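Data first, discussion second: the structure below is written as structure tokens.
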Amino acid sequence: MDEAQPLRVDEAPGPDVLVEIRGLCFRRGERVIFEDLDLDIRRGMVTAVMGPSGTGKTTLLQLITGQLHPEAGTIRVAGEDVGRLGRDGLYRLRRRMGMLFQSGALLTDLSVFDNVAYPLREHTKLSDSLVRKLVLLKLEAVGLRGARDLMPNELSGGMARRVALARAIALDPMMVLYDEPFTGQDPISMGMLMALIRQLNDASGLTSILVSHDVRETARIADHLYLIFEGRVVAQGTPDALANDRSPWVRQFLDGLPDGPVRFHYPAPPLAEDLFGGRG
Amino acid sequence: MLEAVARLGRGVLDALERLGRAHLLLLAILLGLGEVLRRPRLLIDQLFNIGVLSLSIVGVSGLFVGMVLGLQGYYVLSQFGAAESLGVMVAASLVRELGPVVTALLVAGRAGSALTAEIGLMKATEQLAALEMMAVDPVHRLLVPRFLGGVLAMPLLAAIFSAVGVLGGYFVGVGLLGVDEGAYWSQMQARIDFTADLANGVVKSLVFGLVVTWIALFQGYDTIPTAEGVSRSTTRTVVHSALVVLGLDFVLTALMFGD
């Protein structure tokens, strides 16, 4: 497999950088997930982190939100070193973040309304009538005000993700993280989610981090793309810049080529040896 | 051979690690008990789920166990001309042993497995992670009320089991086999001691409630977040609870009733 060359972020982060990752190392057991990873997420932008399945995209979100801790390196979110925060500090920071999980992760024993109201009831002392108004506004923003009384098991996959999105923005966070938001969606739901992610980001002044391997959809709404492979950033730039990038790895990923730097075959001994070499 | 020893060692280390995690979880639950004072509604919900919803199986089981005790006790006692002692035999068996033990086994099977499956599925569907991301501690919000609900519900359910069992014994002994009704109740009243029998039975129930709920919650919280993982954890809850309850019953009986 061709060695993908890592890209370094050498310049010091400016004030417009919300998430600054430097020298990140992380492994699961013996498997290296990230090795000396540098990455910046700029305020007010939709930044997409892309790469093949199993490359650690979701793990990166878990590291940014403090669900996992890096072995080495630093992750700063709004100036705070996530790896060094205690539980209270981490919870304080998470109140300013929203996360859309791949499955939606709605609380199954609560209605749509109560799911969206949950963070408001937990972290604010707002009156019931004000909570109601806020919840209806958030649901209106995702087009599901009329579904407020449904239970999660009555929602389609796309609706569940939109409700989860309303819940993620309930506390008006500074940043929303999207974990594979388009996976398993029909074209209409996908279009709705794409429009929502872009509109919410622009209208609410959010910063969005989107993890995905849906190339076309992600490139249409992202301001900046990072491509990661084997634990490192191998390409970054605007969608237009990457579309013109000629490196074999970028071309294989963006064009969906079955073989290239990422091999079609999982490493194995020669077929003849396996078939006729007397191996079990 | 060497590989077998290594496998054994790895298994022991894994088991010790799980035991350590289980104790850390118990500590986190105990430290978070104040949470239910802030939100008593969560505890009431769990008392309903664990206690009220187990009433039918506990009541019916208590009735049949009491009836069998009445039948068997009568056959044995009547051989020695002591059939009038049937009441005290039935009550002592239920209050000291069968009430706490059988109730714990029933609760482990009905409510314990449900707790494991519920928490395990919440983990598998990322609901626990979602709570974490909403800056809500899942141990405080989910596990603490369930733990306290299980600990408090167990002695109440055991008391109901024993009371219904005494009535079952009465129905068979007095109603069907002709034991004197006055003797059945008066001997029970005279010979069952509040401290030695009732209080010890309650202590046993509390201990069983603690371990059964602890095992169920840990198995759910520590599960591998897949369908197979949740299935295995649910099975482990029932098996581990049964073994620990029976083992602990012997230890507690030796401590409480030994000379």
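Going through the structure tokens in order, the chains are called A, B, and so on, while each chain numbers its residues from 1 and the ligands are numbered from 1 in the order shown.
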Exercise. If you count only C-alpha atoms, which residues fall within 10 Å of Val144 in chain B, apart from same-chain ones fewer than 3 positions away, as a PyMOL selection string?
Worked result: chain B and resi 26+28-36+42-43+46+138-141+147-150+217
Same residues, C-alpha atoms, saved as an mmCIF file, in the first residue's frame:
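Full text of selection-v4.cif as output:
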```cif
data_model
loop_
_atom_site.group_PDB
_atom_site.id
_atom_site.type_symbol
_atom_site.label_atom_id
_atom_site.label_comp_id
_atom_site.auth_asym_id
_atom_site.auth_seq_id
_atom_site.Cartn_x
_atom_site.Cartn_y
_atom_site.Cartn_z
ATOM 1 C CA LEU B 26 -21.199 0.276 43.187
ATOM 2 C CA ALA B 28 -20.321 5.521 42.121
ATOM 3 C CA ILE B 29 -23.925 4.462 42.775
ATOM 4 C CA LEU B 30 -23.558 4.794 46.543
ATOM 5 C CA LEU B 31 -21.948 8.224 46.179
ATOM 6 C CA GLY B 32 -24.863 9.297 43.984
ATOM 7 C CA LEU B 33 -27.655 8.170 46.317
ATOM 8 C CA GLY B 34 -28.442 11.796 47.147
ATOM 9 C CA GLU B 35 -29.722 12.177 43.578
ATOM 10 C CA VAL B 36 -33.019 10.490 44.473
ATOM 11 C CA LEU B 42 -37.367 8.585 39.598
ATOM 12 C CA LEU B 43 -37.368 6.323 42.677
ATOM 13 C CA GLN B 46 -38.533 2.227 39.797
ATOM 14 C CA PRO B 138 -26.141 8.121 33.458
ATOM 15 C CA VAL B 139 -25.069 6.521 36.738
ATOM 16 C CA HIS B 140 -26.896 9.178 38.749
ATOM 17 C CA ARG B 141 -29.885 9.475 36.489
ATOM 18 C CA PHE B 147 -30.538 0.417 42.595
ATOM 19 C CA LEU B 148 -32.463 2.002 45.450
ATOM 20 C CA GLY B 149 -35.747 0.776 43.993
ATOM 21 C CA GLY B 150 -34.415 -2.809 43.952
ATOM 22 C CA LEU B 217 -27.118 -3.007 36.736
#
```
For this session: Would you please extract all alpha helix (DSSP H) residues from range 167-197 of chain B, as assigned by DSSP on the backbone, and give them as a ChimeraX atom specification?
Result: /B:167-170,181-191
Problem set entry | Residues of chain B within 9 Å of chain A, counting only C-alpha atoms, as a VMD selection string | chain B and resid 122 125 to 137
Exercise. Which residues, written as a list in words, have at least one atom at most 10 Å from Val238 in chain B, with only C-alpha atoms counted and residues fewer than 6 positions away on the same chain left out?
Worked result: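 My reading of the contact set: Leu105, Leu106, Val107, Ala108, Gly109, Arg110, Ala111, Gly112, Ser113, Thr116, Val212, Ile215 and Ala216 of chain B.
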Export, as a PDB file, in the first residue's frame, the selected residues with N, CA and C atoms.
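Result file follows (result-v3.pdb):
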```pdb
ATOM      1  N   LEU B 105     -34.668 -14.864  44.055  1.00  0.00           N
ATOM      2  CA  LEU B 105     -34.507 -15.594  42.786  1.00  0.00           C
ATOM      3  C   LEU B 105     -35.562 -15.148  41.766  1.00  0.00           C
ATOM      4  N   LEU B 106     -36.790 -14.942  42.264  1.00  0.00           N
ATOM      5  CA  LEU B 106     -37.849 -14.504  41.349  1.00  0.00           C
ATOM      6  C   LEU B 106     -37.583 -13.091  40.829  1.00  0.00           C
ATOM      7  N   VAL B 107     -37.153 -12.211  41.722  1.00  0.00           N
ATOM      8  CA  VAL B 107     -36.884 -10.831  41.311  1.00  0.00           C
ATOM      9  C   VAL B 107     -35.698 -10.801  40.335  1.00  0.00           C
ATOM     10  N   ALA B 108     -34.692 -11.643  40.578  1.00  0.00           N
ATOM     11  CA  ALA B 108     -33.553 -11.703  39.651  1.00  0.00           C
ATOM     12  C   ALA B 108     -34.036 -12.123  38.267  1.00  0.00           C
ATOM     13  N   GLY B 109     -34.949 -13.089  38.229  1.00  0.00           N
ATOM     14  CA  GLY B 109     -35.446 -13.580  36.944  1.00  0.00           C
ATOM     15  C   GLY B 109     -36.347 -12.586  36.240  1.00  0.00           C
ATOM     16  N   ARG B 110     -37.211 -11.899  37.010  1.00  0.00           N
ATOM     17  CA  ARG B 110     -38.146 -10.983  36.353  1.00  0.00           C
ATOM     18  C   ARG B 110     -37.576  -9.577  36.213  1.00  0.00           C
ATOM     19  N   ALA B 111     -37.257  -8.961  37.354  1.00  0.00           N
ATOM     20  CA  ALA B 111     -36.837  -7.554  37.307  1.00  0.00           C
ATOM     21  C   ALA B 111     -35.348  -7.406  36.985  1.00  0.00           C
ATOM     22  N   GLY B 112     -34.512  -8.326  37.519  1.00  0.00           N
ATOM     23  CA  GLY B 112     -33.063  -8.214  37.283  1.00  0.00           C
ATOM     24  C   GLY B 112     -32.733  -8.339  35.809  1.00  0.00           C
ATOM     25  N   SER B 113     -33.319  -9.347  35.166  1.00  0.00           N
ATOM     26  CA  SER B 113     -33.037  -9.521  33.741  1.00  0.00           C
ATOM     27  C   SER B 113     -33.560  -8.333  32.947  1.00  0.00           C
ATOM     28  N   THR B 116     -31.081  -5.435  33.308  1.00  0.00           N
ATOM     29  CA  THR B 116     -29.892  -5.641  32.480  1.00  0.00           C
ATOM     30  C   THR B 116     -30.193  -5.364  31.013  1.00  0.00           C
ATOM     31  N   VAL B 212     -28.590  -8.466  44.033  1.00  0.00           N
ATOM     32  CA  VAL B 212     -29.301  -8.763  42.777  1.00  0.00           C
ATOM     33  C   VAL B 212     -29.357  -7.515  41.885  1.00  0.00           C
ATOM     34  N   ILE B 215     -25.785  -6.635  40.611  1.00  0.00           N
ATOM     35  CA  ILE B 215     -25.361  -7.519  39.511  1.00  0.00           C
ATOM     36  C   ILE B 215     -26.101  -7.134  38.219  1.00  0.00           C
ATOM     37  N   ALA B 216     -27.417  -6.929  38.335  1.00  0.00           N
ATOM     38  CA  ALA B 216     -28.213  -6.627  37.135  1.00  0.00           C
ATOM     39  C   ALA B 216     -27.743  -5.326  36.485  1.00  0.00           C
TER      40      ALA B 216
END
```
For this session: Find the residues around Asp245 in chain A up to 12 Å (only C-alpha atoms counted), leave out those fewer than 4 positions away in its own chain, and share them as a PyMOL selection string.
Result: chain A and resi 227+234-241+249-255
Could you write those residues out with C-alpha atoms, as a short mmCIF file (atom, residue, chain, number, x, y, z; two decimals), in the first residue's frame?
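Listing of result-v9.cif after writing:
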```cif
data_model
loop_
_atom_site.label_atom_id
_atom_site.label_comp_id
_atom_site.auth_asym_id
_atom_site.auth_seq_id
_atom_site.Cartn_x
_atom_site.Cartn_y
_atom_site.Cartn_z
CA LEU A 227 -9.26 13.40 4.61
CA VAL A 234 -3.51 13.02 4.14
CA ALA A 235 -5.29 15.92 2.45
CA GLN A 236 -7.22 18.99 3.42
CA GLY A 237 -8.75 22.02 1.80
CA THR A 238 -11.95 23.36 0.34
CA PRO A 239 -14.15 20.91 -1.58
CA ASP A 240 -13.11 22.59 -4.84
CA ALA A 241 -9.41 22.32 -4.02
CA TRP A 249 -5.15 8.48 -2.48
CA VAL A 250 -7.43 11.52 -2.79
CA ARG A 251 -8.60 10.39 -6.22
CA GLN A 252 -9.34 6.86 -5.03
CA PHE A 253 -11.38 8.09 -2.09
CA LEU A 254 -13.27 10.91 -3.82
CA ASP A 255 -13.94 8.90 -7.00
#
```
Exercise. Which polymer residues have any atom within 8 Å of an atom of range 184-188 of chain A, counting only C-alpha atoms, with same-chain residues fewer than 3 positions away left out, as a ChimeraX atom specification?
Worked result: /A:157-158,191-192
For this session: Find the residue from B:Ile160, B:Ala153, B:Leu255, B:Ala190 that sits nearest to Gly51 in chain B; use only C-alpha atoms when measuring.
Result: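 Between B:Ile160, B:Ala153, B:Leu255, B:Ala190, the residue approaching Gly51 in chain B most closely is B:Ala153.
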For this session: Could you tell me how far CA of Ala78 in chain A lies from CA of Glu20 in chain A, in Å and to one decimal?
Result: 8.5 Å
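Near range 187-189 of chain B, within 12 Å and counting only C-alpha atoms, sit B:Ala82, B:Ala83, B:Glu84, B:Ser85, B:Leu86, B:Gly87, B:Val88, B:Met89, B:Val90, B:Ala91, B:Ala92, B:Ser93, B:Leu94, B:Val95, B:Val166, B:Gly169, B:Tyr170, B:Asp180, B:Glu181, B:Gly182, B:Ala183, B:Asp193, B:Phe194, B:Asp197, B:Leu198, not including residues fewer than 4 positions from it in the same chain.
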Exercise. Near Ser231 in chain B, within 10 Å and counting only C-alpha atoms, which residues show up once chain neighbours fewer than 6 positions away are dropped, as JSON, numbers by chain?
Worked result: {"B": [113, 116, 117, 120, 121, 220, 223, 224]}
Exercise. Taking into account only C-alpha atoms, which residue in the set A:Asp149, A:Glu80, A:Asp128, A:Glu30 is nearest to Ser111 in chain A?
Worked result: A:Asp149
Exercise. What are the DSSP strand (DSSP E or B) residues of range 89-172 of chain A, as a PyMOL selection string?
Worked result: chain A and resi 97-100
Restricting the output to N, CA and C atoms, write the selected residues as a PDB file, in the first residue's frame.
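For reference, selection-v3.pdb as written:
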```pdb
ATOM      1  N   MET A  97     -21.902  22.025  23.687  1.00  0.00           N
ATOM      2  CA  MET A  97     -21.772  21.220  22.469  1.00  0.00           C
ATOM      3  C   MET A  97     -23.062  20.430  22.249  1.00  0.00           C
ATOM      4  N   GLY A  98     -23.360  20.135  21.011  1.00  0.00           N
ATOM      5  CA  GLY A  98     -24.441  19.204  20.729  1.00  0.00           C
ATOM      6  C   GLY A  98     -23.869  18.096  19.863  1.00  0.00           C
ATOM      7  N   MET A  99     -24.426  16.905  20.007  1.00  0.00           N
ATOM      8  CA  MET A  99     -23.910  15.826  19.155  1.00  0.00           C
ATOM      9  C   MET A  99     -25.070  15.038  18.552  1.00  0.00           C
ATOM     10  N   LEU A 100     -24.974  14.830  17.270  1.00  0.00           N
ATOM     11  CA  LEU A 100     -25.960  13.998  16.584  1.00  0.00           C
ATOM     12  C   LEU A 100     -25.339  12.623  16.360  1.00  0.00           C
TER      13      LEU A 100
END
```
For this session: Rank B:Leu47, B:Val102, B:Val172, B:Leu115 by their smallest atom-to-atom distance to Gln219 in chain B, using only C-alpha atoms, and report the top residue only.
Result: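 Among the listed residues, the smallest separation from Gln219 in chain B belongs to B:Leu115.
Nearest-residue note for Leu63 in chain B: choosing from B:Ala104, B:Leu210, B:Ala6, B:Leu98, the minimum distance belongs to B:Leu98, counting only C-alpha atoms.
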Problem set entry | Separation of CA of Leu165 in chain A from CA of Phe182 in chain A in Å |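 So the answer is 12.7 Å.
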